[in-house]
There are 6 protein chains.
Amino acid sequence: MPRVTVTRRLRFNAAHRVHNPALSDQENAAIFGKCNNPNWHGHNYILDVSVEGDIDDRTGYVFDLGALKQIVEREIVDKVDHRNFNLDVDFMESVIPTSENIIVAFWRLLNDRVKPARLARLVLWETENNYVEYTGG
Amino acid sequence: MPRVTVTRRLRFNAAHRVHNPALSDQENAAIFGKCNNPNWHGHNYILDVSVEGDIDDRTGYVFDLGALKQIVEREIVDKVDHRNFNLDVDFMESVIPTSENIIVAFWRLLNDRVKPARLARLVLWETENNYVEYTGG
Amino acid sequence: MPRVTVTRRLRFNAAHRVHNPALSDQENAAIFGKCNNPNWHGHNYILDVSVEGDIDDRTGYVFDLGALKQIVEREIVDKVDHRNFNLDVDFMESVIPTSENIIVAFWRLLNDRVKPARLARLVLWETENNYVEYTGG
Amino acid sequence: MPRVTVTRRLRFNAAHRVHNPALSDQENAAIFGKCNNPNWHGHNYILDVSVEGDIDDRTGYVFDLGALKQIVEREIVDKVDHRNFNLDVDFMESVIPTSENIIVAFWRLLNDRVKPARLARLVLWETENNYVEYTGG
Amino acid sequence: MPRVTVTRRLRFNAAHRVHNPALSDQENAAIFGKCNNPNWHGHNYILDVSVEGDIDDRTGYVFDLGALKQIVEREIVDKVDHRNFNLDVDFMESVIPTSENIIVAFWRLLNDRVKPARLARLVLWETENNYVEYTGG
Amino acid sequence: MPRVTVTRRLRFNAAHRVHNPALSDQENAAIFGKCNNPNWHGHNYILDVSVEGDIDDRTGYVFDLGALKQIVEREIVDKVDHRNFNLDVDFMESVIPTSENIIVAFWRLLNDRVKPARLARLVLWETENNYVEYTGG
C-alpha cells in the first residue's frame with residue numbers, strides 16, 4: 001500500500017514581540033534586537049501541514065484536504081489570525097513567541113486530530129527568507 | 001563520494017473529475033464536493049522530480065537535468081498536458097485521479113528510467129495551497 | 001483628495017476548451033492546437049480586481065477589500081470555480097472561452113457593482129507565463 | 001531619448017491596528033472587523049518604488065537602484081520596519097494606518113528625493129492577496 | 001470592440017558586466033560597484049512582453065500567445081540565453097548592458113513584429129527586487 | 001527537548017561556465033551544451049541553509065537567524081556574489097562549477113561554523129526549475 005504525504009498550506013497574520021520576561025530589558029534588546037520592539041511588529045505567516053498515510057481505495061485520498069483545512073482553521077488559524085501571539089493566544093502563554101516555539105505548540109494542537117493518519121511535518125514561514133520545520137522529534 | 005539530490009521542476013495543465021464509479025452519484029457528491037463536478041475542472045500542476053546519486057567526476061553532475069527533463073516530458077508530460085486525467089490518460093484507467101493516485105502512477109513510470117541514479121522523491125502541486133509527495137514507500 | 005487604486009486577488013480552478021463551433025474540427029485543431037482537446041484541460045486562474053477612488057476619511061479605505069472579495073465571489077468565483085467555462089457558465093454562452101473573452105465578461109459583471117468607486121483594471125493569469133488585462137476600453 | 005521606468009522592491013514587517021479614534025469601539029469593530037483587534041496584528045509588507053526618467057548616457061541608468069534603495073531605506077524602511085504604524089511612526093500620526101493612507105504618506109516622503117527623475121508609482125502589498133498603488137494624483 | 005492587453009512571460013539566463021569603456025577603470029568601479037566585476041556576473045532574467053489589440057471574433061485572441069512566444073524566442077531569447085550581453089549579443093554592441101538599455105533594444109527588435117497589434121509594454125526583471133519597464137516613449 | 005530545523009534563505013548572483021578542462025572543447029560542447037558557452041552565463045542563485053538543534057530556553061531559538069545570516073554572508077555570499085565561479089572563487093578551483101559541486105563546497109565551508117547545532121541541509125536553486133540539495137552524506 002503506497003504511503004503518500006499530503007500537505008495543506010494555510011496563512012495567517014499576527015503580531016508578536018520576541019521577548020523573555022525573565023531577562024532584563026537590556027538583555028532582551030541585546031539578544032533580540034529590533035524583534036524586541038515593545039510596541040510589537042508582525043508577519044504574514046505561511047503554515048504547511050503535512051499528513052502521511054495510506055491511500056484510501058474508496059476516495060483516493062490519504063486525508064481529505066478540505067477536512068484538514070477545517071481542522072487547522074479550528075485548532076490554530078482561528079486562534080492566531082489577526083491576533084497578538086504574546087497577548088491573545090492562550091496556548092502560547094509563558095512561551096517566547098519565536099517560530100520555533102510556535103511550531104512546537106502547533107504540533108501539540110494538531111497531532112491527535114489527524115489520526116489514524118500521522119502528522120508528518122509542519123513548516124512555518126515567518127518571512128520570505130526564514131522558515132522552521134518540525135517533525136515531532 | 002558525496003551523494004546529492006537534484007531536482008527538475010516541470011509543469012502541465014490538465015482537467016479531471018474526482019469521482020469513484022463504484023459509488024453512487026450522491027455518495028460521490030457528498031465525499032468529493034465541487035471536485036466531483038461532472039463537467040470537469042482543471043489545474044496548473046507543478047511536478048518536482050528528484051533524483052539522488054553520486055557526483056560524476058567527469059561532468060560534475062548527479063544526473064544531467066536536461067536529460068531528466070526529456071525523460072519526464074516523454075514519460076509523463078506529453079501524456080497528461082492539456083489532457084483529461086479521467087478520459088485521456090491510459091495509465092490512470094480505473095484509478096480515481098486524486099493527486100495521491102497520480103503521484104504514485106508517475107513514480108511507477110519514472111522509477112526505472114533514472115538508473116543507476118535513484119528516484120528519490122516526487123512532489124506534485126495541484127494548487128498553490130495543496131501538494132503531495134511520494135518517496136516510493 | 002488622493003486617488004488610490006486598491007486590488008484584491010482571487011483564485012479559482014476551471015476547465016475549458018478553446019474551440020470555435022463555427023469552424024471545422026480541422027480548423028479548430030490548426031488554430032488552437034492542444035488547447036482544443038475535446039476532452040478539456042484546465043487551469044488555476046488568478047484574478048486581480050482593481051478599484052480606484054478617493055480615500056474615505058472615516059475608514060481610510062478606497063473600498064473595503066473584504067466587501068470587494070464578497071462581490072467578486074458572488075458575481076464571478078461562485079459561478080466559475082471548479083466549473084467548465086464551455087458547459088457550466090451562463091455568461092460565457094456562445095463565446096470562445098479564451099482569457100481575452102473571459103476578462104471582458106468579468107468586467108461587465110463587476111463594472112456596476114463597485115460604484116461610486118471605479119473599476120480600474122482586471123488582470124487574469126491563466127498560467128504562470130500568460131496573463132491578460134483589461135481596463136474597460 | 002527613451003524614457004524608462006525602473007523599480008526597486010523593498011520589504012518590511014510591521015504591526016498595526018485599523019482603527020478610527022473618532023468612532024466608538026462598536027463602530028470600529030463593525031467597520032474593521034478582525035483588523036481592529038486592540039492587541040494589533042501585522043504583516044510582511046512589500047513596497048515597489050518606481051522612478052521614471054531618461055537613460056543617462058554615461059551610466060546606462062535612469063536612476064542608480066542602489067542609491068534608490070538607500071533613499072527608501074532612510075526615508076521609509078528604517079522608520080517602519082519592525083515597528084507599529086499606530087504607535088511608532090511619526091508621519092502616520094492621526095492617520096488610520098490602512099494601506100491607502102500608508103502609501104500616500106510614503107509618496108510624500110519620497111517625491112522630492114528622486115529628482116530630477118520623477119516618482120512614477122508606488123505599489124504596496126499588505127498580503128499576498130491585497131495591494132494598493134498610487135501615482136500621485 | 002474591446003481592446004485587451006495580453007502578456008507572455010519568457011525567461012533567460014545571461015552574464016554581463018556593467019561597464020562604460022569611455023570611463024577609466026576607477027570611474028567604472030566607483031559608479032557601478034560590484035556590477036563592474038571584470039570577470040562578469042549573471043542573472044535569471046524574466047521578460048514580460050505585452051501586446052494590445054482588439055479581440056479577433058474568429059479566435060477569441062488578441063494575439064496567439066504561442067506565436068508571440070515563437071517571435072520573442074527567435075528575435076530575443078535565442079540571441080541572449082546562456083550568453084554574455086557584452087561579448088555575444090550583436091544588438092548590444094557599444095551599449096552599456098544595463099536593464100534600461102537592454103529593454104529599449106528589445107523593444108526595437110519586437111516593435112514591428114507584432115503588427116497589426118501594438119506592442120504595449122515590456123517588463124524586464126533582473127533580480128527579484130529590480131525591474132524596468134518600457135512603453136516605447 | 002524538541003528538535004527543530006530552522007532555515008535562512010540567502011541570494012546571490014554569479015557567472016559560471018560548466019566546463020571540464022580535462023576534456024576537449026568538442027566533448028565539453030557535447031556534454032554541457034549552451035551551459036558551456038566560453039563567454040559565460042549567469043544566474044540568480046537562492047540558497048537555503050538549514051540548521052537543526054534543541055530550542056534554547058533562554059532565547060526560544062535553535063539558532064539566531066541573524067547570526068546565521070552573518071555566517072553565511074561571510075563564508076559564502078561575500079565570496080561568490082557578483083563573481084565568476086570559474087575565475088574568482090578560490091574554493092571552487094579545479095572543480096567544475098555545477099550546482100552539485102557548488103553545494104558540496106558550501107557544506108564544507110559551513111559545517112563547522114554552526115556548532116553545537118547541526119548543519120542539516122543545504123538547498124541551492126540555480127533557476128526556478130532546477131535545484132539541488134545536500135545533507136552531508
# chains A, B, ... in the order shown; residues from 1 in each chain; ligands from 1
call {"tool": "residues_around", "arguments": {"residues": "stretch 119-128 of chain C", "least_positions_apart": "3", "cutoff": "6 Å", "atoms": "only C-alpha atoms", "output": "MDAnalysis selection string"}}
result
chainID C and resid 45:52 111 131:135
call {"tool": "interface_residues", "arguments": {"of": "chain B", "to": "chain F", "cutoff": "12 Å", "atoms": "only C-alpha atoms", "output": "VMD selection string"}}
result
chain B and resid 1 to 11 46 to 69 120 to 121
call {"tool": "select_by_dssp", "arguments": {"residues": "stretch 4-135 of chain F", "states": "helix (DSSP H, G or I)", "output": "ChimeraX atom specification"}}
result
/F:25-36,65-80,90-92,99-110
call {"tool": "select_by_dssp", "arguments": {"residues": "chain F", "states": "strand (DSSP E)", "output": "tab-separated table (two decimals) with N, CA, C and O atoms, in the first residue's frame"}}
result
chain	number	residue	atom	x	y	z
F	3	ARG	N	13.43	19.02	18.93
F	3	ARG	CA	14.47	19.38	17.96
F	3	ARG	C	13.80	19.96	16.71
F	3	ARG	O	13.02	19.29	16.05
F	4	VAL	N	14.15	21.18	16.41
F	4	VAL	CA	13.53	21.91	15.30
F	4	VAL	C	14.60	22.26	14.29
F	4	VAL	O	15.77	22.45	14.64
F	5	THR	N	14.21	22.33	13.02
F	5	THR	CA	15.12	22.76	11.96
F	5	THR	C	14.75	24.18	11.55
F	5	THR	O	13.58	24.44	11.25
F	6	VAL	N	15.75	25.06	11.55
F	6	VAL	CA	15.49	26.45	11.15
F	6	VAL	C	16.30	26.75	9.90
F	6	VAL	O	17.41	26.27	9.72
F	7	THR	N	15.69	27.57	9.03
F	7	THR	CA	16.31	27.83	7.73
F	7	THR	C	16.38	29.32	7.47
F	7	THR	O	15.41	30.05	7.72
F	8	ARG	N	17.49	29.72	6.94
F	8	ARG	CA	17.66	31.09	6.45
F	8	ARG	C	17.94	31.04	4.96
F	8	ARG	O	18.83	30.31	4.52
F	9	ARG	N	17.18	31.80	4.20
F	9	ARG	CA	17.36	31.89	2.75
F	9	ARG	C	18.21	33.10	2.40
F	9	ARG	O	17.99	34.19	2.91
F	10	LEU	N	19.21	32.88	1.53
F	10	LEU	CA	20.03	33.99	1.03
F	10	LEU	C	20.10	33.90	-0.49
F	10	LEU	O	19.81	32.87	-1.08
F	11	ARG	N	20.53	34.98	-1.10
F	11	ARG	CA	20.54	35.06	-2.56
F	11	ARG	C	21.84	35.67	-3.05
F	11	ARG	O	22.44	36.49	-2.35
F	12	PHE	N	22.28	35.28	-4.20
F	12	PHE	CA	23.45	35.92	-4.81
F	12	PHE	C	23.37	35.72	-6.32
F	12	PHE	O	22.67	34.83	-6.80
F	13	ASN	N	24.08	36.57	-7.04
F	13	ASN	CA	24.15	36.48	-8.50
F	13	ASN	C	25.57	36.14	-8.89
F	13	ASN	O	26.51	36.72	-8.36
F	14	ALA	N	25.74	35.23	-9.82
F	14	ALA	CA	27.09	34.86	-10.23
F	14	ALA	C	27.11	34.41	-11.68
F	14	ALA	O	26.08	34.04	-12.24
F	15	ALA	N	28.31	34.45	-12.26
F	15	ALA	CA	28.53	33.90	-13.60
F	15	ALA	C	29.24	32.56	-13.46
F	15	ALA	O	29.93	32.30	-12.47
F	16	HIS	N	29.07	31.71	-14.45
F	16	HIS	CA	29.85	30.48	-14.49
F	16	HIS	C	29.86	29.93	-15.92
F	16	HIS	O	29.17	30.41	-16.81
F	41	HIS	N	27.72	32.52	-18.67
F	41	HIS	CA	26.35	32.97	-18.48
F	41	HIS	C	26.17	33.07	-16.96
F	41	HIS	O	27.16	32.94	-16.23
F	42	GLY	N	24.97	33.32	-16.48
F	42	GLY	CA	24.86	33.52	-15.03
F	42	GLY	C	23.47	33.27	-14.50
F	42	GLY	O	22.53	33.02	-15.26
F	43	HIS	N	23.37	33.35	-13.20
F	43	HIS	CA	22.12	33.02	-12.51
F	43	HIS	C	21.92	33.90	-11.28
F	43	HIS	O	22.88	34.37	-10.68
F	44	ASN	N	20.65	34.03	-10.88
F	44	ASN	CA	20.29	34.50	-9.54
F	44	ASN	C	20.10	33.25	-8.67
F	44	ASN	O	19.06	32.60	-8.76
F	45	TYR	N	21.09	32.92	-7.90
F	45	TYR	CA	21.01	31.72	-7.06
F	45	TYR	C	20.25	32.01	-5.77
F	45	TYR	O	20.32	33.12	-5.22
F	46	ILE	N	19.53	31.00	-5.30
F	46	ILE	CA	18.87	31.06	-3.99
F	46	ILE	C	19.43	29.92	-3.15
F	46	ILE	O	19.47	28.78	-3.60
F	47	LEU	N	19.88	30.24	-1.95
F	47	LEU	CA	20.49	29.24	-1.06
F	47	LEU	C	19.72	29.18	0.25
F	47	LEU	O	19.56	30.19	0.93
F	48	ASP	N	19.24	27.99	0.59
F	48	ASP	CA	18.57	27.77	1.88
F	48	ASP	C	19.52	26.99	2.80
F	48	ASP	O	19.89	25.85	2.48
F	49	VAL	N	19.86	27.59	3.93
F	49	VAL	CA	20.77	26.96	4.90
F	49	VAL	C	19.94	26.54	6.11
F	49	VAL	O	19.35	27.38	6.79
F	50	SER	N	19.91	25.23	6.37
F	50	SER	CA	19.07	24.68	7.45
F	50	SER	C	19.94	24.11	8.56
F	50	SER	O	20.85	23.32	8.31
F	51	VAL	N	19.61	24.49	9.78
F	51	VAL	CA	20.36	24.09	10.97
F	51	VAL	C	19.37	23.45	11.93
F	51	VAL	O	18.27	23.97	12.13
F	52	GLU	N	19.78	22.34	12.53
F	52	GLU	CA	18.89	21.61	13.43
F	52	GLU	C	19.46	21.61	14.84
F	52	GLU	O	20.68	21.51	15.03
F	53	GLY	N	18.56	21.70	15.83
F	53	GLY	CA	19.04	21.63	17.21
F	53	GLY	C	17.90	21.76	18.19
F	53	GLY	O	16.73	21.88	17.80
F	54	ASP	N	18.23	21.73	19.45
F	54	ASP	CA	17.23	21.92	20.50
F	54	ASP	C	16.90	23.41	20.61
F	54	ASP	O	17.73	24.27	20.33
F	83	ARG	N	30.27	37.47	-8.67
F	83	ARG	CA	31.56	36.91	-9.07
F	83	ARG	C	31.36	35.83	-10.13
F	83	ARG	O	30.23	35.46	-10.47
F	84	ASN	N	32.51	35.32	-10.59
F	84	ASN	CA	32.56	34.25	-11.58
F	84	ASN	C	33.07	32.99	-10.88
F	84	ASN	O	34.19	32.97	-10.35
F	118	ARG	N	23.56	21.56	14.40
F	118	ARG	CA	24.00	20.67	13.34
F	118	ARG	C	23.53	21.22	12.00
F	118	ARG	O	22.36	21.57	11.85
F	119	LEU	N	24.46	21.36	11.06
F	119	LEU	CA	24.06	21.72	9.70
F	119	LEU	C	23.23	20.58	9.15
F	119	LEU	O	23.71	19.44	9.04
F	120	ALA	N	21.98	20.85	8.83
F	120	ALA	CA	21.05	19.75	8.49
F	120	ALA	C	20.84	19.59	6.98
F	120	ALA	O	20.70	18.48	6.49
F	121	ARG	N	20.84	20.71	6.25
F	121	ARG	CA	20.51	20.60	4.82
F	121	ARG	C	20.86	21.91	4.12
F	121	ARG	O	20.64	22.99	4.68
F	122	LEU	N	21.38	21.80	2.95
F	122	LEU	CA	21.51	22.95	2.06
F	122	LEU	C	20.67	22.69	0.82
F	122	LEU	O	20.63	21.57	0.31
F	123	VAL	N	19.99	23.72	0.36
F	123	VAL	CA	19.28	23.65	-0.91
F	123	VAL	C	19.75	24.83	-1.76
F	123	VAL	O	19.82	25.95	-1.26
F	124	LEU	N	20.08	24.57	-3.01
F	124	LEU	CA	20.55	25.63	-3.90
F	124	LEU	C	19.72	25.61	-5.18
F	124	LEU	O	19.71	24.62	-5.92
F	125	TRP	N	18.99	26.71	-5.39
F	125	TRP	CA	18.22	26.89	-6.64
F	125	TRP	C	19.10	27.62	-7.63
F	125	TRP	O	19.59	28.71	-7.35
F	126	GLU	N	19.24	27.06	-8.84
F	126	GLU	CA	20.01	27.71	-9.91
F	126	GLU	C	19.07	28.50	-10.82
F	126	GLU	O	19.40	29.59	-11.29
F	127	THR	N	17.93	27.91	-11.10
F	127	THR	CA	16.87	28.60	-11.82
F	127	THR	C	15.57	28.26	-11.11
F	127	THR	O	15.56	27.46	-10.17
F	130	ASN	N	15.28	24.33	-11.43
F	130	ASN	CA	16.34	23.40	-11.06
F	130	ASN	C	16.86	23.70	-9.66
F	130	ASN	O	17.21	24.83	-9.38
F	131	TYR	N	16.91	22.68	-8.81
F	131	TYR	CA	17.59	22.88	-7.54
F	131	TYR	C	18.24	21.59	-7.08
F	131	TYR	O	17.88	20.50	-7.52
F	132	VAL	N	19.23	21.73	-6.23
F	132	VAL	CA	19.96	20.58	-5.68
F	132	VAL	C	19.93	20.70	-4.16
F	132	VAL	O	19.79	21.79	-3.60
F	133	GLU	N	20.01	19.54	-3.48
F	133	GLU	CA	20.06	19.58	-2.02
F	133	GLU	C	21.09	18.59	-1.52
F	133	GLU	O	21.35	17.56	-2.15
F	134	TYR	N	21.63	18.89	-0.37
F	134	TYR	CA	22.71	18.07	0.19
F	134	TYR	C	22.57	18.06	1.70
F	134	TYR	O	22.29	19.08	2.32
call {"tool": "atom_distance", "arguments": {"atom1": "atom CA of A:Ile76", "atom2": "atom CA of A:Val114"}}
result
13.7 Å
call {"tool": "atom_distance", "arguments": {"atom1": "atom CA of A:Leu109", "atom2": "atom CA of A:Glu75"}}
result
6.5 Å
call {"tool": "atom_distance", "arguments": {"atom1": "atom CA of E:Asp88", "atom2": "atom CA of E:Val72"}}
result
17.8 Å
call {"tool": "decode", "arguments": {"residues": "stretch 55-77 of chain E", "atoms": "N, CA and C atoms", "output": "compact mmCIF listing (two decimals), in the first residue's frame"}}
result
# COMPACT_ATOMS: atom_id res chain seq x y z
N ILE E 55 -10.02 42.01 -29.81
CA ILE E 55 -10.22 40.56 -29.80
C ILE E 55 -10.74 40.13 -31.17
N ASP E 56 -10.07 39.15 -31.76
CA ASP E 56 -10.47 38.59 -33.05
C ASP E 56 -11.67 37.67 -32.84
N ASP E 57 -12.78 37.95 -33.52
CA ASP E 57 -14.01 37.17 -33.33
C ASP E 57 -13.82 35.69 -33.63
N ARG E 58 -12.98 35.41 -34.59
CA ARG E 58 -12.83 34.04 -35.07
C ARG E 58 -12.04 33.19 -34.08
N THR E 59 -11.09 33.79 -33.38
CA THR E 59 -10.21 33.03 -32.48
C THR E 59 -10.42 33.36 -31.01
N GLY E 60 -11.03 34.48 -30.71
CA GLY E 60 -11.12 34.91 -29.33
C GLY E 60 -9.79 35.42 -28.79
N TYR E 61 -8.82 35.57 -29.66
CA TYR E 61 -7.48 36.01 -29.26
C TYR E 61 -7.24 37.46 -29.68
N VAL E 62 -6.46 38.18 -28.89
CA VAL E 62 -5.85 39.41 -29.37
C VAL E 62 -4.63 39.07 -30.21
N PHE E 63 -3.89 38.10 -29.72
CA PHE E 63 -2.66 37.67 -30.40
C PHE E 63 -2.41 36.25 -29.90
N ASP E 64 -2.16 35.34 -30.78
CA ASP E 64 -1.89 33.96 -30.39
C ASP E 64 -0.61 33.92 -29.55
N LEU E 65 -0.74 33.59 -28.25
CA LEU E 65 0.42 33.68 -27.37
C LEU E 65 1.48 32.64 -27.70
N GLY E 66 1.10 31.56 -28.34
CA GLY E 66 2.10 30.61 -28.83
C GLY E 66 2.94 31.24 -29.93
N ALA E 67 2.27 31.97 -30.82
CA ALA E 67 3.01 32.67 -31.87
C ALA E 67 3.88 33.78 -31.28
N LEU E 68 3.35 34.49 -30.28
CA LEU E 68 4.14 35.56 -29.65
C LEU E 68 5.40 34.97 -29.01
N LYS E 69 5.24 33.84 -28.35
CA LYS E 69 6.39 33.15 -27.75
C LYS E 69 7.45 32.84 -28.82
N GLN E 70 7.01 32.34 -29.95
CA GLN E 70 7.97 32.00 -31.00
C GLN E 70 8.71 33.23 -31.52
N ILE E 71 7.96 34.32 -31.67
CA ILE E 71 8.59 35.56 -32.14
C ILE E 71 9.65 36.03 -31.14
N VAL E 72 9.30 36.04 -29.85
CA VAL E 72 10.25 36.54 -28.85
C VAL E 72 11.43 35.59 -28.72
N GLU E 73 11.20 34.30 -28.84
CA GLU E 73 12.32 33.36 -28.80
C GLU E 73 13.28 33.60 -29.97
N ARG E 74 12.70 33.78 -31.15
CA ARG E 74 13.54 33.94 -32.34
C ARG E 74 14.27 35.29 -32.31
N GLU E 75 13.56 36.36 -31.94
CA GLU E 75 14.16 37.69 -32.02
C GLU E 75 15.07 37.99 -30.83
N ILE E 76 14.78 37.39 -29.66
CA ILE E 76 15.49 37.79 -28.44
C ILE E 76 16.11 36.60 -27.71
N VAL E 77 15.30 35.67 -27.25
CA VAL E 77 15.81 34.65 -26.33
C VAL E 77 16.94 33.84 -26.94
